[in-house]
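One structure is given here, and the rest of the page talks about it.
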There are 2 protein chains.
Amino acid sequence: MTARIFGIAPSTRLRPSPYFEATRAEGVTSFTVYNRMLMPTGYGDPEGEYWRLINGVALWDVACERQVELRGPDAGRLAQILAARDLGKCAQGQGRYVALCDHAGTLINDPILLKLADDRFWLSIADSNILLWARAIADERRLNVTVSEPDVSPMAVQGPKAEDVAAAVFGDWVRGLRRFQFRHAAVEGIPVVVARSGWSKQGGFEFYLMDGSKGSQLWSIVREAGRPWEIGPGNPNHCERVEGGLLSYGGDTDDATNPFEVRLGRYVDLDVPDEVIGIAALRRIHAEGPRRHQLGVVLDGAAPVEPGFTWANIRQGGRKVGDMTTCVWSFRLRRNIGFALVARACAAGEDVEVVMGGRAVSGRLVDLPFVR
Amino acid sequence: MTARIFGIAPSTRLRPSPYFEATRAEGVTSFTVYNRMLMPTGYGDPEGEYWRLINGVALWDVACERQVELRGPDAGRLAQILAARDLGKCAQGQGRYVALCDHAGTLINDPILLKLADDRFWLSIADSNILLWARAIADERRLNVTVSEPDVSPMAVQGPKAEDVAAAVFGDWVRGLRRFQFRHAAVEGIPVVVARSGWSKQGGFEFYLMDGSKGSQLWSIVREAGRPWEIGPGNPNHCERVEGGLLSYGGDTDDATNPFEVRLGRYVDLDVPDEVIGIAALRRIHAEGPRRHQLGVVLDGAAPVEPGFTWANIRQGGRKVGDMTTCVWSFRLRRNIGFALVARACAAGEDVEVVMGGRAVSGRLVDLPFVR
């Protein structure tokens, strides 16, 4: 196992993705761990991978976006109990971006919910254990529903040429899918759910592989079909997602973050039934106004920073007013940019200092996103 | 951030431990991710690190064993609801190894529970989100308890010389601590809980640092105090724990494993109150007998295998009878050994085949542990 060269000790506690061998063959150079699964985070050419996403099409292993399946007579009711967003009008074959909260209104995940049938839903989750959470709620409330993690592993094609690639693989009907709409399909007998979705602002599709033994085969099919558009490997792109204002649950949130603080208020419906978890707290927070909000921060200086593992203090007049929760060199803006989770009183246009590695760096708060 | 050389992409979604800088200075060469925190897994000399644990004393960063604190009038009741083991006789200052199960009796974590006071408990957890789980149960049952993750980060000293080192740091009173017993202490003003505990069979202590800003300082203090016993860096040791029969939750368990299948039956009390989660299912499983059980497997051949990320099929007479959930080269037995989660009908002494990398390797089932 040459995986050892990556510096992540092999262990059966972690899980390889069905695309593990395919990404190894592509020359993956680094990983992260997400939902206890290895996710590729780079192939050795950060800037090239970035421009491929902006100008062309990239192929991502995002199998770590695991599905939590709710199935049974009470599946729809459980979905609504878990998500503080009105799902009444969500049609079969349609997805919704939802905020999952705990009883205190604290954000615990921000999945895409897919309605496969009236009695079958998937939560395509960010990095926290919603399988455990959903089971706790279902069993405590004695709902008639089975909560499981099915053998479903998404890959994504993202970028302006992604639609052409998806059409080349599955047919021109994919061009008619609206945002978060999906359909069952198959290619060379491999069962897949095809959705217009993905964690970038460049547009694209996710292919939810429904047979984990076919990862390398599906990867090859998409790779071959994408050749005319010079498809290549990539991954959820730190730079692009910050430029585009996409939230990373667990990276940009802490153990006290509510949806209103991180621009997810528009996905919260306050008039959902009282049995929805956290709705009483969310109504109160909404009435009082959240204590923090999320802005962008542009740092002075033209030397790219390296990403770190920790938040950085943001100060005004020598006093801490919040945290920079992520920071990255923007290839389009040629500046270091980040997300600022700051006191409500702070506003775009104001000067701040960010304390990085013991040094104060000057910068300015701005509205998000950085790039439309 | 030279952390990039480790091949784990820095991200604020992951957390460095308070000992991160100290372990970097020690020359850590690989990490894993555990409870979304980086844990060192090696310092470049696997065999040397192993023998240091067996014959001397090793210093481990196990801050990723996060604490879930239950605090308030209903803390004791919640602890008992979560753990299918009678806690009635657990005294203040005493810890207990407990099996946490979901409503189906499936194992979801195997923490050490520490009783700090009648209204204050810590669950020192393995790798799953018990913070989320405990909050779900507490809030669904409207218990008067606060569930949080305090600023508490264990380090461990393990090995036959560990007691001498702990005594050199904190005083000879530590020698009087029994297994899982603990006491509040301080060194150079740093608040610590000292417990006789640790994930090895060589004996030792865990120091629960209660101020995350003092990680490097505490590391240095213990390092200096341990110099007469040639203390050096280490980590939860894959080889030693398999030899000693220690379970790795999430590595040796799957989404259907109950405590009886993995030798944790002696930590389950079937006469706990009915409100304990999973107890009805556990009584039923116990009455019927679990379908699988855990044995050891010794493989033929003297060429060390490399650990992998996946379970391996175990076959008898060409038919699958279970899984090898972990495998390691034993420095003491000079054989590849592993854990076997196999059908109840399989017994120690029987021959098996293990399918590794497409190849069938012959071996034999044995009782655990391999080394006493």
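All residue names refer to the structure tokens as shown: chains lettered A, B, ... in order, residues numbered from 1 in each chain, ligands numbered from 1 in order.
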
* For range 271-283 of chain B, please output as a PyMOL selection string all residues within 8 Å (counting only C-alpha atoms; exclusion window: fewer than 4 positions along the same chain). => chain B and resi 80-86+101-106+258+287

* Could you give me, as a PyMOL selection string, the residues within 7 Å of range 51-58 of chain B, counting only C-alpha atoms and dropping anything in the same chain fewer than 6 positions from it? => chain B and resi 157-162+202+229+231-234

* Counting only C-alpha atoms, which residues from chain B have an atom at most 7 Å from any atom of chain A, and could you show them as a ChimeraX atom specification? -> /B:1,6-16,29-33,41,103,129,132-133,136-137,139-140,250-251,306-311,325-326

Go ahead and save the residues from that selection, with C-alpha atoms, as a CSV table (one decimal), in the first residue's frame.
```csv
chain,number,residue,atom,x,y,z
B,1,MET,CA,2.6,25.8,7.1
B,6,PHE,CA,2.2,15.4,5.4
B,7,GLY,CA,-0.1,15.2,2.5
B,8,ILE,CA,-3.1,16.2,4.6
B,9,ALA,CA,-4.4,19.4,3.1
B,10,PRO,CA,-4.7,22.0,5.9
B,11,SER,CA,-8.3,23.1,6.5
B,12,THR,CA,-10.1,24.8,9.4
B,13,ARG,CA,-12.6,21.9,9.2
B,14,LEU,CA,-9.9,19.7,10.9
B,15,ARG,CA,-8.4,20.7,14.2
B,16,PRO,CA,-4.8,20.6,15.3
B,29,THR,CA,5.9,11.7,10.0
B,30,SER,CA,2.2,10.7,9.7
B,31,PHE,CA,-1.2,11.5,11.0
B,32,THR,CA,-4.7,10.2,11.0
B,33,VAL,CA,-7.9,12.1,11.6
B,41,THR,CA,0.5,8.0,14.0
B,103,HIS,CA,-31.8,1.8,19.9
B,129,ASN,CA,-19.9,12.1,17.2
B,132,LEU,CA,-24.4,15.2,18.7
B,133,TRP,CA,-25.8,11.9,19.9
B,136,ALA,CA,-30.2,14.6,20.7
B,137,ILE,CA,-31.1,12.2,23.5
B,139,ASP,CA,-33.1,17.3,24.3
B,140,GLU,CA,-35.6,14.8,23.0
B,250,GLY,CA,-15.0,2.0,13.7
B,251,GLY,CA,-12.1,-0.1,12.6
B,306,GLU,CA,1.2,-3.4,5.1
B,307,PRO,CA,-2.0,-2.2,6.8
B,308,GLY,CA,-4.8,-1.3,4.5
B,309,PHE,CA,-8.0,0.7,4.5
B,310,THR,CA,-10.4,-2.2,4.0
B,311,TRP,CA,-11.6,-5.4,5.6
B,325,THR,CA,-11.1,-6.3,10.3
B,326,THR,CA,-7.4,-5.4,10.9
```

* **Backbone-only DSSP, helix (DSSP H, G or I) members of range 151-297 of chain B, as a ChimeraX atom specification** => /B:162-170,172-176,212-225,227-229,238-243,259-262,265-267,279-288

* To do: Work out how far apart CA of Pro18 in chain A and CA of Gly215 in chain A are and give it in Å to one decimal.
  => 4.7 Å

* Grab the CA of Cys90 in chain B to CA of Asp172 in chain B distance for me, in Å with one decimal place. =>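 If I compute the distance from CA of Cys90 in chain B to CA of Asp172 in chain B, I get 24.6 Å.
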
* Which residue, B:Arg223, B:Arg120, B:Arg319, B:Arg71, has the smallest gap to Val147 in chain B when you use only C-alpha atoms? ->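 Among B:Arg223, B:Arg120, B:Arg319, B:Arg71, it is B:Arg71 that comes nearest to Val147 in chain B.
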
* Write down as a ChimeraX atom specification the residues of range 64-215 of chain A whose backbone DSSP state falls under strand (DSSP E or B). => /A:67-71,83,94-97,100-101,107-109,112-117,120-124,146-148,153-158,181-187,190-196,204-209

The selected residues should be written to file as a PDB file, in the first residue's frame (atoms: C-alpha atoms).
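Final output, saved to out.pdb:
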```
ATOM      1  CA  GLN A  67     -26.065   9.669   1.714  1.00  0.00           C
ATOM      2  CA  VAL A  68     -28.282   9.207   4.741  1.00  0.00           C
ATOM      3  CA  GLU A  69     -31.369   7.435   3.442  1.00  0.00           C
ATOM      4  CA  LEU A  70     -34.755   7.859   5.130  1.00  0.00           C
ATOM      5  CA  ARG A  71     -37.138   5.167   3.978  1.00  0.00           C
ATOM      6  CA  ALA A  83     -34.824  20.330   8.208  1.00  0.00           C
ATOM      7  CA  GLN A  94     -36.088  17.485  -6.872  1.00  0.00           C
ATOM      8  CA  GLY A  95     -33.372  18.390  -4.390  1.00  0.00           C
ATOM      9  CA  ARG A  96     -33.269  21.157  -1.810  1.00  0.00           C
ATOM     10  CA  TYR A  97     -30.363  22.760   0.059  1.00  0.00           C
ATOM     11  CA  LEU A 100     -30.088  20.904   9.770  1.00  0.00           C
ATOM     12  CA  CYS A 101     -30.064  22.311  13.293  1.00  0.00           C
ATOM     13  CA  LEU A 107     -26.253  24.346  12.556  1.00  0.00           C
ATOM     14  CA  ILE A 108     -25.169  20.686  12.545  1.00  0.00           C
ATOM     15  CA  ASN A 109     -25.012  20.060   8.774  1.00  0.00           C
ATOM     16  CA  ILE A 112     -28.744  18.590  -0.181  1.00  0.00           C
ATOM     17  CA  LEU A 113     -31.998  16.756   0.448  1.00  0.00           C
ATOM     18  CA  LEU A 114     -33.115  14.599  -2.507  1.00  0.00           C
ATOM     19  CA  LYS A 115     -36.702  13.406  -2.697  1.00  0.00           C
ATOM     20  CA  LEU A 116     -36.582  10.041  -4.481  1.00  0.00           C
ATOM     21  CA  ALA A 117     -40.180   9.137  -3.602  1.00  0.00           C
ATOM     22  CA  ARG A 120     -37.653   7.762   0.315  1.00  0.00           C
ATOM     23  CA  PHE A 121     -35.215  10.652   0.806  1.00  0.00           C
ATOM     24  CA  TRP A 122     -31.465  11.089   0.745  1.00  0.00           C
ATOM     25  CA  LEU A 123     -29.559  13.629   2.755  1.00  0.00           C
ATOM     26  CA  SER A 124     -26.325  14.202   0.834  1.00  0.00           C
ATOM     27  CA  THR A 146     -35.459   3.116   8.412  1.00  0.00           C
ATOM     28  CA  VAL A 147     -32.335   5.283   8.499  1.00  0.00           C
ATOM     29  CA  SER A 148     -29.319   3.855   6.688  1.00  0.00           C
ATOM     30  CA  SER A 153     -21.019   7.522  -3.858  1.00  0.00           C
ATOM     31  CA  PRO A 154     -21.134  10.811  -5.778  1.00  0.00           C
ATOM     32  CA  MET A 155     -18.579  11.999  -8.282  1.00  0.00           C
ATOM     33  CA  ALA A 156     -18.862  15.508  -9.697  1.00  0.00           C
ATOM     34  CA  VAL A 157     -18.128  17.130 -13.027  1.00  0.00           C
ATOM     35  CA  GLN A 158     -17.823  20.867 -12.523  1.00  0.00           C
ATOM     36  CA  GLN A 181     -33.144  18.299 -10.118  1.00  0.00           C
ATOM     37  CA  PHE A 182     -32.149  14.659 -10.644  1.00  0.00           C
ATOM     38  CA  ARG A 183     -33.043  11.488 -12.527  1.00  0.00           C
ATOM     39  CA  HIS A 184     -32.147   7.801 -12.380  1.00  0.00           C
ATOM     40  CA  ALA A 185     -29.960   6.694 -15.294  1.00  0.00           C
ATOM     41  CA  ALA A 186     -27.432   4.054 -16.248  1.00  0.00           C
ATOM     42  CA  VAL A 187     -24.283   3.889 -18.320  1.00  0.00           C
ATOM     43  CA  ILE A 190     -23.917   1.012 -13.990  1.00  0.00           C
ATOM     44  CA  PRO A 191     -26.810   2.507 -11.984  1.00  0.00           C
ATOM     45  CA  VAL A 192     -26.435   6.232 -11.337  1.00  0.00           C
ATOM     46  CA  VAL A 193     -28.545   9.151 -10.175  1.00  0.00           C
ATOM     47  CA  VAL A 194     -27.717  12.217 -12.271  1.00  0.00           C
ATOM     48  CA  ALA A 195     -28.270  15.600 -10.604  1.00  0.00           C
ATOM     49  CA  ARG A 196     -27.508  19.182 -11.577  1.00  0.00           C
ATOM     50  CA  GLY A 204     -22.106  21.103 -13.208  1.00  0.00           C
ATOM     51  CA  PHE A 205     -23.465  17.723 -12.271  1.00  0.00           C
ATOM     52  CA  GLU A 206     -23.111  15.050  -9.662  1.00  0.00           C
ATOM     53  CA  PHE A 207     -23.309  11.394 -10.612  1.00  0.00           C
ATOM     54  CA  TYR A 208     -24.415   9.336  -7.613  1.00  0.00           C
ATOM     55  CA  LEU A 209     -22.852   5.932  -8.270  1.00  0.00           C
TER      56      LEU A 209
END
```

* **Interatomic distance (Å, one decimal) between CA of Gly318 in chain B and CA of Glu353 in chain B** => 8.3 Å

* **Among the residues B:Val321, B:Ala225, B:Ala99, B:Ala166, the one that comes closest to Thr257 in chain B [using only C-alpha atoms]** => B:Ala99
